[in-house]
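Novice: Structure file my_file23.cif, mmCIF, C-alpha atoms, is pasted below:
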data_protein
loop_
_atom_site.label_atom_id
_atom_site.label_comp_id
_atom_site.auth_asym_id
_atom_site.auth_seq_id
_atom_site.Cartn_x
_atom_site.Cartn_y
_atom_site.Cartn_z
CA MET A 220 22.92 -3.62 13.01
CA ALA A 221 21.85 -1.41 10.13
CA GLN A 222 24.20 -0.90 7.21
CA PRO A 223 25.26 2.57 6.01
CA PRO A 224 23.16 3.88 3.11
CA ASP A 225 24.31 3.21 -0.45
CA SER A 226 26.64 5.86 -1.84
CA TRP A 227 24.21 6.78 -4.63
CA LEU A 228 21.56 7.59 -2.04
CA VAL A 229 23.84 9.85 -0.02
CA ASP A 230 25.02 11.57 -3.20
CA ALA A 231 21.39 12.09 -4.26
CA CYS A 232 20.60 13.65 -0.87
CA ARG A 233 23.51 16.06 -1.18
CA ALA A 234 22.50 17.02 -4.71
CA ARG A 235 18.86 17.62 -3.84
CA VAL A 236 19.70 19.70 -0.77
CA SER A 237 22.10 21.74 -2.90
CA GLU A 238 19.36 22.31 -5.48
CA PHE A 239 17.09 23.67 -2.77
CA SER A 240 19.71 25.98 -1.28
CA ALA A 241 20.74 27.20 -4.74
CA GLN A 242 17.21 28.49 -5.24
CA LEU A 243 17.52 30.52 -2.05
CA ARG A 244 20.66 32.18 -3.42
CA GLY A 245 18.89 33.29 -6.60
CA GLY A 246 17.78 36.68 -5.31
CA VAL A 247 14.46 35.60 -3.85
CA THR A 248 12.89 37.73 -1.10
CA GLY A 249 12.49 36.09 2.30
CA ALA A 250 9.22 37.85 3.06
CA GLY A 251 7.58 36.69 -0.16
CA PRO A 252 4.71 34.19 0.13
CA VAL A 253 5.00 30.62 -1.14
CA PRO A 254 1.99 29.65 -3.28
CA ASN A 255 -0.28 26.99 -1.75
CA LEU A 256 1.54 27.14 1.59
CA GLU A 257 0.94 29.29 4.66
CA TRP A 258 4.64 30.12 4.81
CA THR A 259 6.88 32.83 3.45
CA VAL A 260 10.08 31.89 1.63
CA ALA A 261 12.04 32.44 4.84
CA GLU A 262 9.64 30.31 6.87
CA LEU A 263 9.84 27.48 4.35
CA ALA A 264 13.64 27.62 4.45
CA GLN A 265 13.57 27.71 8.26
CA HIS A 266 11.43 24.58 8.23
CA VAL A 267 13.88 22.75 5.99
CA ALA A 268 16.85 23.94 8.04
CA SER A 269 15.21 22.69 11.24
CA LEU A 270 14.64 19.11 10.06
CA PRO A 271 18.02 17.56 10.94
CA ALA A 272 17.70 18.87 14.51
CA LEU A 273 14.19 17.38 14.70
CA TRP A 274 15.44 14.02 13.48
CA LEU A 275 18.39 14.08 15.87
CA ASP A 276 16.04 14.88 18.75
CA GLN A 277 13.79 12.01 17.70
CA HIS A 278 16.79 9.69 17.66
CA GLY A 279 17.87 10.90 21.10
CA GLN A 280 14.46 10.14 22.60
CA GLY A 281 14.53 6.60 21.23
CA ALA A 282 11.52 4.52 22.25
CA ASP A 283 10.37 7.20 24.72
CA PHE A 284 8.95 9.57 22.11
CA VAL A 285 5.28 10.39 22.73
CA ARG A 286 3.06 11.28 19.79
CA PRO A 287 1.94 14.93 20.02
CA ASP A 288 -1.73 15.79 20.33
CA ASP A 289 -1.50 18.33 17.50
CA PHE A 290 0.93 17.60 14.68
CA ALA A 291 0.48 20.99 13.02
CA VAL A 292 1.56 22.76 16.22
CA PHE A 293 4.37 20.25 16.72
CA ILE A 294 5.82 20.77 13.23
CA GLU A 295 5.50 24.54 13.50
CA SER A 296 7.34 24.50 16.84
CA THR A 297 10.37 22.81 15.29
CA ARG A 298 11.26 26.02 13.43
CA GLY A 299 11.76 27.85 16.71
CA ASP A 300 15.53 27.47 16.89
CA VAL A 301 16.10 28.77 13.35
CA THR A 302 15.55 32.54 13.35
CA GLU A 303 17.57 33.64 10.32
CA THR A 304 15.41 35.25 7.61
CA ASP A 305 17.91 36.11 4.88
CA PRO A 306 17.49 33.50 2.11
CA ALA A 307 21.17 33.40 1.17
CA LEU A 308 22.25 32.92 4.79
CA LEU A 309 19.57 30.28 5.24
CA ALA A 310 21.00 28.51 2.19
CA ASP A 311 24.45 28.41 3.83
CA LEU A 312 22.89 27.13 7.05
CA ILE A 313 20.95 24.39 5.24
CA ASP A 314 24.05 23.19 3.37
CA SER A 315 26.06 23.05 6.60
CA ILE A 316 23.40 21.39 8.74
CA PHE A 317 22.53 18.69 6.20
CA ALA A 318 26.19 17.95 5.46
CA ALA A 319 26.76 17.29 9.16
CA TYR A 320 23.59 15.22 9.44
CA LEU A 321 24.48 12.98 6.51
CA GLU A 322 27.90 12.37 8.04
CA GLU A 323 26.25 11.51 11.36
CA ILE A 324 23.86 8.92 9.97
CA GLN A 325 26.51 7.29 7.79
CA ALA A 326 28.73 6.83 10.83
CA ARG A 327 25.85 5.60 13.01
CA PRO A 328 23.23 4.05 10.71
CA ASP A 329 21.01 2.61 13.45
CA ARG A 330 18.44 5.34 14.07
CA TRP A 331 15.21 6.01 15.97
CA LEU A 332 12.26 7.95 14.57
CA TYR A 333 8.87 8.59 16.20
CA GLY A 334 9.64 6.08 18.91
CA SER A 335 10.48 3.20 16.52
CA LYS A 336 13.71 1.80 15.18
CA SER A 337 14.76 3.22 11.83
CA THR A 338 17.84 3.24 9.60
CA ALA A 339 20.10 5.75 7.91
CA THR A 340 18.77 4.51 4.56
CA GLU A 341 15.23 5.42 5.59
CA MET A 342 16.38 8.79 6.91
CA CYS A 343 17.97 9.50 3.52
CA GLY A 344 14.55 8.84 2.03
CA PHE A 345 13.13 11.57 4.24
CA VAL A 346 15.92 13.96 3.24
CA LEU A 347 15.05 13.37 -0.42
CA ASN A 348 11.36 13.76 0.25
CA GLU A 349 11.69 17.09 2.04
CA SER A 350 14.27 18.63 -0.31
CA VAL A 351 12.49 17.69 -3.53
CA LEU A 352 8.93 18.43 -2.40
CA HIS A 353 9.88 21.77 -0.86
CA GLY A 354 12.14 22.46 -3.82
CA ARG A 355 9.02 22.22 -5.94
CA ASP A 356 7.22 24.59 -3.57
CA LEU A 357 10.07 27.08 -3.79
CA ALA A 358 10.24 26.80 -7.58
CA ALA A 359 6.80 28.41 -7.75
CA VAL A 360 8.50 31.53 -6.39
CA THR A 361 11.91 31.40 -8.04
CA GLY A 362 10.69 30.32 -11.48
CA VAL A 363 13.25 27.54 -11.90
CA ALA A 364 12.21 24.19 -13.32
CA PRO A 365 10.69 22.29 -10.38
CA PRO A 366 12.74 19.25 -9.33
CA SER A 367 11.30 15.79 -9.97
CA PHE A 368 12.13 12.48 -8.33
CA THR A 369 13.92 9.82 -10.30
CA GLN A 370 12.25 6.44 -9.96
CA GLN A 371 15.09 5.23 -7.74
CA GLU A 372 14.81 8.28 -5.48
CA ALA A 373 11.04 7.97 -5.30
CA ASN A 374 11.27 4.33 -4.25
CA ALA A 375 13.65 5.35 -1.47
CA VAL A 376 11.07 7.90 -0.33
CA VAL A 377 8.31 5.28 -0.47
CA ALA A 378 10.37 2.89 1.68
CA ALA A 379 10.93 5.62 4.25
CA THR A 380 7.26 6.60 4.22
CA MET A 381 6.08 3.03 4.67
CA SER A 382 8.26 2.72 7.77
CA THR A 383 6.17 5.42 9.52
CA VAL A 384 2.65 4.68 8.25
CA SER A 385 1.55 2.96 11.45
CA PHE A 386 2.62 5.93 13.58
CA PHE A 387 0.45 8.39 11.65
CA ILE A 388 -2.80 6.44 11.91
CA ASP A 389 -5.53 7.99 14.04
CA PRO A 390 -7.09 5.10 16.04
CA ASP A 391 -10.58 6.60 16.02
CA LYS A 392 -10.50 7.24 12.28
CA ALA A 393 -9.17 3.74 11.71
CA ARG A 394 -11.99 2.13 13.67
CA ALA A 395 -14.44 3.89 11.35
CA GLN A 396 -12.94 2.09 8.33
CA PRO A 397 -13.47 -1.59 7.49
CA ASP A 398 -10.69 -4.04 8.24
CA GLY A 399 -8.81 -5.30 5.22
CA VAL A 400 -5.58 -6.29 3.53
CA TYR A 401 -4.11 -4.08 0.83
CA HIS A 402 -1.28 -4.70 -1.61
CA MET A 403 0.85 -1.89 -3.05
CA LYS A 404 3.30 -2.51 -5.87
CA PHE A 405 5.74 0.26 -6.76
CA ARG A 406 7.27 0.19 -10.21
CA GLY A 407 10.98 -0.44 -10.03
CA GLY A 408 10.69 -0.99 -6.28
CA ASP A 409 9.15 -3.18 -3.61
CA ASP A 410 5.75 -4.65 -2.83
CA TYR A 411 4.09 -3.76 0.48
CA THR A 412 1.23 -5.28 2.45
CA LEU A 413 -0.90 -2.95 4.58
CA THR A 414 -3.14 -4.75 7.06
CA LYS A 415 -5.82 -2.61 8.66
CA GLN A 416 -7.26 -4.15 11.79
CA GLY A 417 -9.21 -2.27 14.43
CA PRO A 418 -7.46 0.95 15.45
CA GLY A 419 -4.25 0.47 13.49
CA VAL A 420 -2.48 -0.37 10.26
CA ALA A 421 0.52 -2.71 10.07
CA VAL A 422 2.93 -2.54 7.14
CA SER A 423 5.23 -5.28 5.89
CA THR A 424 7.36 -5.75 2.82
CA GLY A 425 6.12 -8.27 0.26
CA LYS A 426 2.93 -9.28 -1.50
CA PRO A 427 0.09 -10.84 0.53
CA PRO A 428 -1.48 -14.19 -0.49
CA LYS A 429 -4.83 -12.40 -0.80
CA ALA A 430 -5.82 -8.75 -0.77
CA ASP A 431 -9.02 -6.76 -0.79
CA ALA A 432 -7.43 -4.27 -3.17
CA HIS A 433 -4.23 -3.80 -5.13
CA LEU A 434 -2.42 -0.63 -6.18
CA ASN A 435 0.19 -0.58 -8.94
CA ALA A 436 1.87 2.82 -8.78
CA ASP A 437 4.65 4.89 -10.16
CA PRO A 438 6.51 5.76 -6.93
CA ALA A 439 6.97 9.44 -7.76
CA THR A 440 3.27 9.80 -8.53
CA PHE A 441 2.37 8.06 -5.27
CA VAL A 442 4.57 10.44 -3.26
CA MET A 443 3.13 13.49 -4.97
CA VAL A 444 -0.46 12.32 -4.41
CA SER A 445 0.09 11.27 -0.79
CA LEU A 446 1.49 14.70 0.08
CA GLY A 447 -1.21 16.62 -1.75
CA ARG A 448 0.95 17.82 -4.63
CA LYS A 449 -1.01 15.90 -7.28
CA ASN A 450 -4.66 14.98 -7.68
CA GLN A 451 -5.31 11.25 -7.18
CA TYR A 452 -7.89 11.17 -9.96
CA VAL A 453 -5.48 12.76 -12.44
CA ALA A 454 -2.88 10.19 -11.36
CA ALA A 455 -5.35 7.39 -12.07
CA LEU A 456 -6.40 8.77 -15.45
CA THR A 457 -2.78 9.15 -16.60
CA GLY A 458 -1.76 5.66 -15.45
CA GLY A 459 0.39 6.87 -12.57
CA SER A 460 -1.60 4.68 -10.20
CA ILE A 461 -3.85 1.75 -11.06
CA ALA A 462 -6.21 0.29 -8.47
CA TYR A 463 -7.83 -3.10 -8.97
CA GLY A 464 -9.06 -6.18 -7.12
CA ARG A 465 -12.25 -7.14 -5.31
CA LYS A 466 -12.70 -3.84 -3.48
CA PRO A 467 -10.42 -1.19 -5.02
CA TRP A 468 -12.46 1.66 -3.53
CA ARG A 469 -11.24 0.61 -0.11
CA LEU A 470 -7.84 2.15 -0.94
CA LEU A 471 -9.42 5.60 -0.62
CA GLY A 472 -10.19 4.84 3.02
CA LEU A 473 -6.50 4.48 3.88
CA ALA A 474 -5.93 8.21 3.44
CA GLU A 475 -8.92 8.93 5.68
CA MET A 476 -7.17 7.35 8.68
CA VAL A 477 -4.21 9.75 8.87
CA VAL A 478 -3.95 12.00 11.92
CA ASP A 479 -4.84 15.67 11.45
CA GLY A 480 -2.10 18.21 10.83
CA VAL A 481 0.23 15.98 8.81
#
Taking this structure as input, can you express it in the form of structure tokens?

Specialist:
Amino acid sequence: MAQPPDSWLVDACRARVSEFSAQLRGGVTGAGPVPNLEWTVAELAQHVASLPALWLDQHGQGADFVRPDDFAVFIESTRGDVTETDPALLADLIDSIFAAYLEEIQARPDRWLYGSKSTATEMCGFVLNESVLHGRDLAAVTGVAPPSFTQQEANAVVAATMSTVSFFIDPDKARAQPDGVYHMKFRGGDDYTLTKQGPGVAVSTGKPPKADAHLNADPATFVMVSLGRKNQYVAALTGGSIAYGRKPWRLLGLAEMVVDGV
């Protein structure tokens, strides 16, 4: 049975969600566009507000969840139940919904996500990921200082992300890449082994005896690069991620295996 998440992690989730909702109460216009996204401010807030319901639905389906054919359409459809467009009212809704969700997962820490077993600790990682990344998106409109992950928060996000890597691999794209074993070390956090074989990628915690390539990364930089918020070459030049080993270029192929629309 999974253990409830550490108190610092829950507190961090609450704080980051509050930061996001506070931006919505700053006089921003709901119809205004969000730079680099195809959403308005209201649509971005609707997306964030819809996430707990999505995660609860995923949990309710358990092992029966079927991967959608089009992830972009699937994600867009999750906003359907949130129709409010006033930013301040959306802020109130977000605070209320996430407060209830955090209480739910603390009380029942065994979770399901995308048809696989998960934990409340991993779900907190996703809460942090969404609130900070979209807080940065919203900051481009509101003009506040964009939020940044602490190293501890970023490692929680990495752990959550690693738990779903296998689900987001496109089998056809994977077959087009060479098989291999890859080691990822996150500063201040864990080591992970990614084993690509045939149509899939398996992820385990720990360092492999041998690897085709190694990545030593600042966890916040890794999250920003993996979600398209930072250029991977800039990250490498500034020391945020260091690739080495026999075939370090193979690490670039991992990103090429992700399903479209994510």

Novice: Identify which of the residues A:Val377, A:Ala272, A:Val420, A:Ala282 lies closest to A:Asp398, counting all atoms listed in the file when measuring atom-to-atom distances.

Specialist: A:Val420

Novice: To one decimal in Å, tell me the separation between atom CA of A:Pro467 and atom CA of A:Asn435.

Specialist: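 Pair atom CA of A:Pro467 / atom CA of A:Asn435 returns 11.3 Å.
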
Novice: Can you pull out the residues contacting A:Arg448? Cut-off 12 Å, using all atoms listed in the file, and skip same-chain residues under 6 positions away; I want them as a list in words.

Specialist: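 Once the nearby chain positions are removed, what remains is Pro254, Asn255, Leu256, Val351, Leu352, His353, Arg355, Asp356, Ser367, Ala439, Thr440, Phe441, Val442 and Ala454 of chain A.
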
Novice: Please report the interatomic distance between atom CA of A:Asp437 and atom CA of A:Leu413 in Å with one decimal.

Specialist: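 Atom-to-atom, atom CA of A:Asp437 and atom CA of A:Leu413 are spaced 17.6 Å apart.
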
Novice: Please build the interface table for stretch 229-260 of chain A against stretch 306-330 of chain A with a cut-off of 9 Å, listing for each qualifying residue the nearest atom pair and the distance in Å to one decimal; count all atoms listed in the file, order rows by chain and increasing number, and write it as JSON lines.

Specialist:
{"residue": "A:Val229", "atom": "CA", "partner": "A:Leu321", "partner_atom": "CA", "distance": 7.3}
{"residue": "A:Cys232", "atom": "CA", "partner": "A:Leu321", "partner_atom": "CA", "distance": 8.4}
{"residue": "A:Arg233", "atom": "CA", "partner": "A:Ala318", "partner_atom": "CA", "distance": 7.4}
{"residue": "A:Val236", "atom": "CA", "partner": "A:Asp314", "partner_atom": "CA", "distance": 6.9}
{"residue": "A:Ser237", "atom": "CA", "partner": "A:Asp314", "partner_atom": "CA", "distance": 6.7}
{"residue": "A:Phe239", "atom": "CA", "partner": "A:Ala310", "partner_atom": "CA", "distance": 8.0}
{"residue": "A:Ser240", "atom": "CA", "partner": "A:Ala310", "partner_atom": "CA", "distance": 4.5}
{"residue": "A:Ala241", "atom": "CA", "partner": "A:Ala310", "partner_atom": "CA", "distance": 7.1}
{"residue": "A:Gln242", "atom": "CA", "partner": "A:Ala310", "partner_atom": "CA", "distance": 8.3}
{"residue": "A:Leu243", "atom": "CA", "partner": "A:Pro306", "partner_atom": "CA", "distance": 5.1}
{"residue": "A:Arg244", "atom": "CA", "partner": "A:Ala307", "partner_atom": "CA", "distance": 4.8}
{"residue": "A:Gly245", "atom": "CA", "partner": "A:Ala307", "partner_atom": "CA", "distance": 8.1}
{"residue": "A:Gly246", "atom": "CA", "partner": "A:Ala307", "partner_atom": "CA", "distance": 8.0}
{"residue": "A:Val247", "atom": "CA", "partner": "A:Pro306", "partner_atom": "CA", "distance": 7.0}
{"residue": "A:Thr248", "atom": "CA", "partner": "A:Pro306", "partner_atom": "CA", "distance": 7.0}
{"residue": "A:Gly249", "atom": "CA", "partner": "A:Pro306", "partner_atom": "CA", "distance": 5.6}
{"residue": "A:Val260", "atom": "CA", "partner": "A:Pro306", "partner_atom": "CA", "distance": 7.6}

Novice: One number please: atom CA of A:Thr259 to atom CA of A:Thr297, in Å, one decimal.

Specialist: 15.9 Å

Novice: Find, counting only C-alpha atoms, the residue in A:Gly354, A:Gly251, A:Gly417, A:Pro366 that gets nearest to A:Arg394.

Specialist: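 Ranking A:Gly354, A:Gly251, A:Gly417, A:Pro366 by distance to A:Arg394, first place goes to A:Gly417.
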
Novice: In terms of the shortest atom-to-atom distance over all atoms listed in the file, which of A:Asp283, A:Asp391, A:Asp288, A:Asp409 is closest to A:Val477?

Specialist: A:Asp391

Novice: Once the PyMOL selection byres ((chain A and resi 466) around 10) has been applied to the shown file, what residues remain in the selection, as a list in words?

Specialist: Gly399, Tyr401, Ala430, Asp431, Ala432, His433, Ala462, Tyr463, Gly464, Arg465, Pro467, Trp468, Arg469 and Leu470 of chain A

Novice: Starting from the displayed file, determine the output of the PyMOL selection byres ((chain A and resi 390) around 8) and express the residue list as an NGL selection string.

Specialist: :A and (388-389 or 391-394 or 417-419 or 476)

Novice: Counting only C-alpha atoms, select every polymer residue within 7 Å of (10.6, 9.3, 6.1) as defined in the file's coordinates, and provide the selection as a list in words.

Specialist: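 Residues with an atom at most 7 Å from (10.6, 9.3, 6.1): Glu341, Met342, Gly344, Phe345, Val376, Ala379, Thr380 and Thr383 of chain A.
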
Novice: Counting all atoms listed in the file, which of A:Pro224, A:Gly279, A:Pro271, A:Pro427 gets nearest to A:Asp300?

Specialist: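 The shortest atom-to-atom distance to A:Asp300 comes from A:Pro271.
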